[in-house]
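Below: data.cif (mmCIF, C-alpha atoms, pLDDT in the B column; chains and numbers go by the auth columns)
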```
data_upload
#
loop_
_atom_site.group_PDB
_atom_site.id
_atom_site.type_symbol
_atom_site.label_atom_id
_atom_site.label_comp_id
_atom_site.label_asym_id
_atom_site.label_seq_id
_atom_site.Cartn_x
_atom_site.Cartn_y
_atom_site.Cartn_z
_atom_site.B_iso_or_equiv
_atom_site.auth_seq_id
_atom_site.auth_asym_id
ATOM 1 C CA MET A 1 252.741 114.291 138.496 65.00 1 A
ATOM 2 C CA LEU A 2 250.302 117.147 137.823 62.00 2 A
ATOM 3 C CA THR A 3 246.632 116.474 137.204 69.00 3 A
ATOM 4 C CA ASN A 4 244.948 117.896 134.106 67.00 4 A
ATOM 5 C CA SER A 5 243.267 120.607 136.179 65.00 5 A
ATOM 6 C CA GLU A 6 246.606 121.592 137.772 62.00 6 A
ATOM 7 C CA VAL A 7 248.204 121.863 134.324 60.00 7 A
ATOM 8 C CA ALA A 8 245.247 123.929 133.117 58.00 8 A
ATOM 9 C CA MET A 9 245.557 126.299 136.098 60.00 9 A
ATOM 10 C CA LYS A 10 249.301 126.722 135.547 66.00 10 A
ATOM 11 C CA THR A 11 248.663 127.748 131.935 81.00 11 A
ATOM 12 C CA LEU A 12 245.501 129.810 132.578 83.00 12 A
ATOM 13 C CA GLY A 13 247.367 133.122 132.565 84.00 13 A
ATOM 14 C CA MET A 14 249.173 132.215 129.357 86.00 14 A
ATOM 15 C CA SER A 15 245.915 131.123 127.731 87.00 15 A
ATOM 16 C CA LEU A 16 244.139 134.333 128.739 88.00 16 A
ATOM 17 C CA ALA A 17 247.053 136.456 127.531 87.00 17 A
ATOM 18 C CA CYS A 18 247.045 134.629 124.190 89.00 18 A
ATOM 19 C CA LEU A 19 243.281 135.143 123.855 91.00 19 A
ATOM 20 C CA VAL A 20 243.579 138.869 124.529 90.00 20 A
ATOM 21 C CA ARG A 21 246.528 139.210 122.146 92.00 21 A
ATOM 22 C CA GLN A 22 244.673 137.452 119.301 95.00 22 A
ATOM 23 C CA TRP A 23 241.447 139.379 119.934 93.00 23 A
ATOM 24 C CA ARG A 24 243.288 142.713 119.943 91.00 24 A
ATOM 25 C CA TRP A 25 245.263 141.794 116.806 94.00 25 A
ATOM 26 C CA LEU A 26 242.037 140.908 114.956 96.00 26 A
ATOM 27 C CA ASN A 27 240.328 144.136 116.029 95.00 27 A
ATOM 28 C CA ASP A 28 243.465 146.103 115.185 94.00 28 A
ATOM 29 C CA GLU A 29 243.494 144.728 111.626 96.00 29 A
ATOM 30 C CA ARG A 30 239.780 145.398 111.174 96.00 30 A
ATOM 31 C CA LEU A 31 239.981 148.951 112.550 96.00 31 A
ATOM 32 C CA LYS A 32 243.006 150.056 110.483 95.00 32 A
ATOM 33 C CA PRO A 33 240.776 151.191 107.591 96.00 33 A
ATOM 34 C CA LEU A 34 239.159 153.646 110.025 95.00 34 A
ATOM 35 C CA GLY A 35 242.595 155.083 110.815 92.00 35 A
ATOM 36 C CA LEU A 36 242.602 153.640 114.307 94.00 36 A
ATOM 37 C CA THR A 37 245.700 152.187 115.878 91.00 37 A
ATOM 38 C CA GLN A 38 245.399 149.740 118.763 91.00 38 A
ATOM 39 C CA SER A 39 246.266 152.407 121.325 93.00 39 A
ATOM 40 C CA ARG A 40 243.632 154.757 119.888 95.00 40 A
ATOM 41 C CA TRP A 41 240.718 152.338 119.665 94.00 41 A
ATOM 42 C CA ILE A 42 241.412 150.888 123.107 94.00 42 A
ATOM 43 C CA THR A 43 241.584 154.398 124.595 96.00 43 A
ATOM 44 C CA LEU A 44 238.353 155.430 122.862 97.00 44 A
ATOM 45 C CA THR A 45 236.647 152.247 124.063 95.00 45 A
ATOM 46 C CA HIS A 46 237.579 153.000 127.672 96.00 46 A
ATOM 47 C CA LEU A 47 236.397 156.601 127.286 97.00 47 A
ATOM 48 C CA LYS A 48 233.083 155.373 125.875 95.00 48 A
ATOM 49 C CA TYR A 49 232.391 153.766 129.255 95.00 49 A
ATOM 50 C CA GLU A 50 234.145 156.352 131.457 95.00 50 A
ATOM 51 C CA ASP A 51 234.006 159.690 129.687 95.00 51 A
ATOM 52 C CA GLY A 52 235.685 162.357 131.835 94.00 52 A
ATOM 53 C CA ILE A 53 237.999 159.926 133.630 95.00 53 A
ATOM 54 C CA GLN A 54 241.226 161.309 135.075 94.00 54 A
ATOM 55 C CA GLN A 55 244.162 160.871 132.723 94.00 55 A
ATOM 56 C CA HIS A 56 246.256 158.822 135.174 91.00 56 A
ATOM 57 C CA GLN A 57 243.306 156.464 135.812 93.00 57 A
ATOM 58 C CA LEU A 58 242.781 156.056 132.067 95.00 58 A
ATOM 59 C CA ALA A 59 246.446 155.088 131.651 94.00 59 A
ATOM 60 C CA ARG A 60 246.025 152.371 134.273 91.00 60 A
ATOM 61 C CA ARG A 61 242.812 151.065 132.677 91.00 61 A
ATOM 62 C CA VAL A 62 244.389 151.007 129.213 92.00 62 A
ATOM 63 C CA GLY A 63 247.459 149.294 130.679 89.00 63 A
ATOM 64 C CA VAL A 64 250.131 151.774 129.605 92.00 64 A
ATOM 65 C CA GLU A 65 252.475 154.227 131.265 92.00 65 A
ATOM 66 C CA SER A 66 251.339 157.851 131.366 89.00 66 A
ATOM 67 C CA PRO A 67 253.836 159.082 128.707 89.00 67 A
ATOM 68 C CA SER A 68 252.499 156.523 126.220 91.00 68 A
ATOM 69 C CA LEU A 69 248.930 157.599 126.884 94.00 69 A
ATOM 70 C CA VAL A 70 249.909 161.256 126.497 94.00 70 A
ATOM 71 C CA ARG A 71 251.145 160.524 122.948 95.00 71 A
ATOM 72 C CA THR A 72 247.905 158.725 122.122 95.00 72 A
ATOM 73 C CA LEU A 73 245.800 161.535 123.574 96.00 73 A
ATOM 74 C CA ASP A 74 247.859 164.149 121.723 96.00 74 A
ATOM 75 C CA GLY A 75 246.989 162.410 118.445 95.00 75 A
ATOM 76 C CA LEU A 76 243.314 162.011 119.319 96.00 76 A
ATOM 77 C CA GLU A 77 243.157 165.639 120.436 96.00 77 A
ATOM 78 C CA GLN A 78 244.741 166.841 117.180 96.00 78 A
ATOM 79 C CA LEU A 79 241.992 164.957 115.328 95.00 79 A
ATOM 80 C CA GLY A 80 239.386 166.709 117.475 96.00 80 A
ATOM 81 C CA LEU A 81 238.161 163.426 118.972 97.00 81 A
ATOM 82 C CA VAL A 82 239.020 164.045 122.637 97.00 82 A
ATOM 83 C CA GLU A 83 239.806 166.979 124.859 97.00 83 A
ATOM 84 C CA ARG A 84 241.632 167.253 128.145 95.00 84 A
ATOM 85 C CA ARG A 85 240.171 169.547 130.768 94.00 85 A
ATOM 86 C CA PRO A 86 241.523 170.608 134.146 91.00 86 A
ATOM 87 C CA CYS A 87 240.399 168.461 137.056 86.00 87 A
ATOM 88 C CA ALA A 88 238.385 170.489 139.561 83.00 88 A
ATOM 89 C CA ASP A 89 239.616 168.547 142.598 80.00 89 A
ATOM 90 C CA ASP A 90 243.272 168.124 141.489 78.00 90 A
ATOM 91 C CA ARG A 91 245.062 171.172 140.062 78.00 91 A
ATOM 92 C CA ARG A 92 247.730 169.001 138.406 82.00 92 A
ATOM 93 C CA GLY A 93 245.271 166.452 137.018 86.00 93 A
ATOM 94 C CA LYS A 94 243.425 166.373 133.716 92.00 94 A
ATOM 95 C CA ARG A 95 240.149 164.719 132.806 95.00 95 A
ATOM 96 C CA VAL A 96 239.749 163.242 129.340 96.00 96 A
ATOM 97 C CA HIS A 97 236.473 163.757 127.476 97.00 97 A
ATOM 98 C CA LEU A 98 235.148 162.579 124.136 97.00 98 A
ATOM 99 C CA THR A 99 234.080 165.363 121.781 97.00 99 A
ATOM 100 C CA PRO A 100 230.869 165.332 119.729 96.00 100 A
ATOM 101 C CA ALA A 101 233.039 164.957 116.598 96.00 101 A
ATOM 102 C CA VAL A 102 234.024 161.422 117.642 97.00 102 A
ATOM 103 C CA ARG A 103 230.444 160.036 117.451 96.00 103 A
ATOM 104 C CA PRO A 104 230.452 158.923 113.760 96.00 104 A
ATOM 105 C CA LEU A 105 233.840 157.234 114.187 96.00 105 A
ATOM 106 C CA MET A 106 232.705 155.561 117.422 96.00 106 A
ATOM 107 C CA ASP A 107 229.609 154.216 115.661 97.00 107 A
ATOM 108 C CA GLU A 108 231.768 152.643 112.936 97.00 108 A
ATOM 109 C CA MET A 109 234.261 151.354 115.488 96.00 109 A
ATOM 110 C CA ASP A 110 231.491 149.812 117.604 96.00 110 A
ATOM 111 C CA ALA A 111 230.059 148.044 114.557 97.00 111 A
ATOM 112 C CA VAL A 112 233.441 146.464 113.803 96.00 112 A
ATOM 113 C CA LEU A 113 234.005 145.478 117.439 95.00 113 A
ATOM 114 C CA ASP A 114 230.479 144.021 117.701 96.00 114 A
ATOM 115 C CA GLN A 115 231.016 141.940 114.577 96.00 115 A
ATOM 116 C CA THR A 116 234.300 140.598 115.926 95.00 116 A
ATOM 117 C CA ARG A 117 232.701 139.839 119.295 94.00 117 A
ATOM 118 C CA GLN A 118 229.852 137.908 117.609 96.00 118 A
ATOM 119 C CA GLN A 119 232.292 135.882 115.526 96.00 119 A
ATOM 120 C CA VAL A 120 234.612 135.123 118.434 95.00 120 A
ATOM 121 C CA LEU A 121 231.769 134.040 120.715 96.00 121 A
ATOM 122 C CA ALA A 122 229.911 132.056 118.032 96.00 122 A
ATOM 123 C CA GLY A 123 228.720 128.705 119.304 97.00 123 A
ATOM 124 C CA LEU A 124 228.530 129.779 122.955 97.00 124 A
ATOM 125 C CA SER A 125 225.113 130.073 124.569 97.00 125 A
ATOM 126 C CA GLU A 126 223.998 133.244 126.308 96.00 126 A
ATOM 127 C CA GLN A 127 224.242 131.360 129.606 97.00 127 A
ATOM 128 C CA GLU A 128 227.836 130.250 128.882 97.00 128 A
ATOM 129 C CA ILE A 129 228.816 133.846 128.074 96.00 129 A
ATOM 130 C CA LYS A 130 227.164 135.105 131.295 97.00 130 A
ATOM 131 C CA GLU A 131 228.967 132.438 133.324 97.00 131 A
ATOM 132 C CA PHE A 132 232.289 133.263 131.682 93.00 132 A
ATOM 133 C CA ASN A 133 231.761 136.980 132.439 94.00 133 A
ATOM 134 C CA ARG A 134 230.888 136.105 136.046 96.00 134 A
ATOM 135 C CA MET A 135 234.108 134.119 136.409 93.00 135 A
ATOM 136 C CA VAL A 136 236.219 136.853 134.810 91.00 136 A
ATOM 137 C CA GLU A 137 234.695 139.456 137.158 93.00 137 A
ATOM 138 C CA HIS A 138 235.399 137.198 140.140 95.00 138 A
ATOM 139 C CA ILE A 139 239.047 136.704 139.086 90.00 139 A
ATOM 140 C CA ASN A 140 239.344 140.452 138.471 88.00 140 A
ATOM 141 C CA ARG A 141 238.073 141.226 142.003 92.00 141 A
ATOM 142 C CA ASN A 142 240.579 138.746 143.424 91.00 142 A
ATOM 143 C CA LEU A 143 243.420 140.328 141.438 87.00 143 A
ATOM 144 C CA ASN A 144 242.384 143.845 142.454 85.00 144 A
ATOM 145 C CA GLY A 145 242.305 142.733 146.092 89.00 145 A
ATOM 146 C CA ILE A 146 245.759 141.217 145.835 90.00 146 A
ATOM 147 C CA CYS A 147 247.180 144.233 143.988 84.00 147 A
ATOM 148 C CA GLY A 148 245.389 146.778 146.174 76.00 148 A
ATOM 149 C CA HIS A 149 243.410 148.375 143.320 63.00 149 A
ATOM 150 C CA LYS A 150 239.978 149.781 144.040 57.00 150 A
ATOM 151 C CA GLU A 151 238.636 149.464 140.493 50.00 151 A
#
```

Please, can you express the file's structure as structure tokens?
Amino acid sequence: MLTNSEVAMKTLGMSLACLVRQWRWLNDERLKPLGLTQSRWITLTHLKYEDGIQQHQLARRVGVESPSLVRTLDGLEQLGLVERRPCADDRRGKRVHLTPAVRPLMDEMDAVLDQTRQQVLAGLSEQEIKEFNRMVEHINRNLNGICGHKE
């Protein structure tokens, strides 16, 4: 018979996946009025923290295959929100950059995401949030070590 902690560990991945799915769905609904699809706002969020990242690395961070990211980037580029530039150290590679035109949209997007974050984390102390982040980072390092990622 499994103990409560063993049951919790067996369902941890499912619980985390459910959390992420619900959080993304909520943000997706709230960002639709800004004309942002889930793939677009997630891509822009990653670029906010890693502007100029190589396209193949961005695909991995976003969690999609390269062809899917290309479609998203095509749309964002047509809107003048991002641009792809040649990679100096890899002739076949492209780096993805935010354009100045994206700033007003990013400000609105950030406000929506911040509001969601505050509502989702309501009732947790600053210390509990720090501890949760520490644990998530630890698990992420373990996963990257197992999978051989250097992120």

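Our summary of the geometry notes that atom CA of Ala59 of chain A is positioned 28.7 Å from atom CA of Glu131 of chain A.
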
Box dimensions and centre (Å, one decimal) enclosing segment 106-109 of chain A, axis-aligned, 5 Å extra per side, as JSON:
```
{"center_x": 231.9, "center_y": 153.5, "center_z": 115.2, "size_x": 14.7, "size_y": 14.2, "size_z": 14.5}
```

Calculated over all atoms listed in the file, which of the candidates A:Leu16, A:Ile146, A:Leu44, A:Ala88 has the smallest distance to Leu73 of chain A?
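Comparing A:Leu16, A:Ile146, A:Leu44, A:Ala88 against Leu73 of chain A, the winner is A:Leu44.
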
Computed gap from atom CA of Gly35 of chain A to atom CA of Arg60 of chain A is 23.9 Å

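Counting from atom CA of Met135 of chain A, the distance to atom CA of Gln118 of chain A is 19.6 Å.
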
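The nearest approach to Cys87 of chain A among the residues A:Gln54, A:Ser68, A:Thr99, A:Gln38, with all atoms listed in the file taken into account, belongs to A:Gln54.
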
- Pick out the residues sitting within 12 Å of Glu50 of chain A, and hand them over as a PyMOL selection string; count only C-alpha atoms, and ignore anything fewer than 5 positions along from it in its own chain. chain A and resi 43-45+55+57-58+61-62+95-98

| said: I'd like to know which of A:Gln127, A:Ser15, A:Asn144, A:Thr116 is closest to Asn27 of chain A, using all atoms listed in the file. | reply: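 That would be A:Thr116, the residue with the smallest distance to Asn27 of chain A.
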
Give me, as a PDB file with C-alpha atoms, in the frame of the given file, all polymer residues having an atom no more than 12 Å from Trp41 of chain A, counting only C-alpha atoms and skipping those fewer than 3 positions away in the same chain.
```
ATOM      1  CA  ARG A  24     243.288 142.713 119.943  1.00 91.00           C
ATOM      2  CA  TRP A  25     245.263 141.794 116.806  1.00 94.00           C
ATOM      3  CA  ASN A  27     240.328 144.136 116.029  1.00 95.00           C
ATOM      4  CA  ASP A  28     243.465 146.103 115.185  1.00 94.00           C
ATOM      5  CA  GLU A  29     243.494 144.728 111.626  1.00 96.00           C
ATOM      6  CA  ARG A  30     239.780 145.398 111.174  1.00 96.00           C
ATOM      7  CA  LEU A  31     239.981 148.951 112.550  1.00 96.00           C
ATOM      8  CA  LYS A  32     243.006 150.056 110.483  1.00 95.00           C
ATOM      9  CA  LEU A  34     239.159 153.646 110.025  1.00 95.00           C
ATOM     10  CA  GLY A  35     242.595 155.083 110.815  1.00 92.00           C
ATOM     11  CA  LEU A  36     242.602 153.640 114.307  1.00 94.00           C
ATOM     12  CA  THR A  37     245.700 152.187 115.878  1.00 91.00           C
ATOM     13  CA  GLN A  38     245.399 149.740 118.763  1.00 91.00           C
ATOM     14  CA  LEU A  44     238.353 155.430 122.862  1.00 97.00           C
ATOM     15  CA  THR A  45     236.647 152.247 124.063  1.00 95.00           C
ATOM     16  CA  HIS A  46     237.579 153.000 127.672  1.00 96.00           C
ATOM     17  CA  LEU A  47     236.397 156.601 127.286  1.00 97.00           C
ATOM     18  CA  LYS A  48     233.083 155.373 125.875  1.00 95.00           C
ATOM     19  CA  VAL A  62     244.389 151.007 129.213  1.00 92.00           C
ATOM     20  CA  THR A  72     247.905 158.725 122.122  1.00 95.00           C
ATOM     21  CA  LEU A  73     245.800 161.535 123.574  1.00 96.00           C
ATOM     22  CA  GLY A  75     246.989 162.410 118.445  1.00 95.00           C
ATOM     23  CA  LEU A  76     243.314 162.011 119.319  1.00 96.00           C
ATOM     24  CA  LEU A  81     238.161 163.426 118.972  1.00 97.00           C
ATOM     25  CA  VAL A 102     234.024 161.422 117.642  1.00 97.00           C
ATOM     26  CA  LEU A 105     233.840 157.234 114.187  1.00 96.00           C
ATOM     27  CA  MET A 106     232.705 155.561 117.422  1.00 96.00           C
ATOM     28  CA  ASP A 107     229.609 154.216 115.661  1.00 97.00           C
ATOM     29  CA  GLU A 108     231.768 152.643 112.936  1.00 97.00           C
ATOM     30  CA  MET A 109     234.261 151.354 115.488  1.00 96.00           C
ATOM     31  CA  ASP A 110     231.491 149.812 117.604  1.00 96.00           C
ATOM     32  CA  VAL A 112     233.441 146.464 113.803  1.00 96.00           C
ATOM     33  CA  LEU A 113     234.005 145.478 117.439  1.00 95.00           C
TER      34      LEU A 113
END
```

Across A:Val136, A:Val70, A:Cys18, A:Leu143, the smallest distance to Glu83 of chain A, with all atoms listed in the file counted, is shown by A:Val70

Check your understanding: Restricting the calculation to all atoms listed in the file, which member of A:Leu69, A:His56, A:Met14, A:Trp23 is positioned closest to Arg92 of chain A?
Key ->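 Checking each of A:Leu69, A:His56, A:Met14, A:Trp23 against Arg92 of chain A, counting all atoms listed in the file, the winner is A:His56.
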
Using only C-alpha atoms, the residue out of A:Val82, A:Leu26, A:Ala111, A:Val64 with shortest distance to Gly52 of chain A is A:Val82
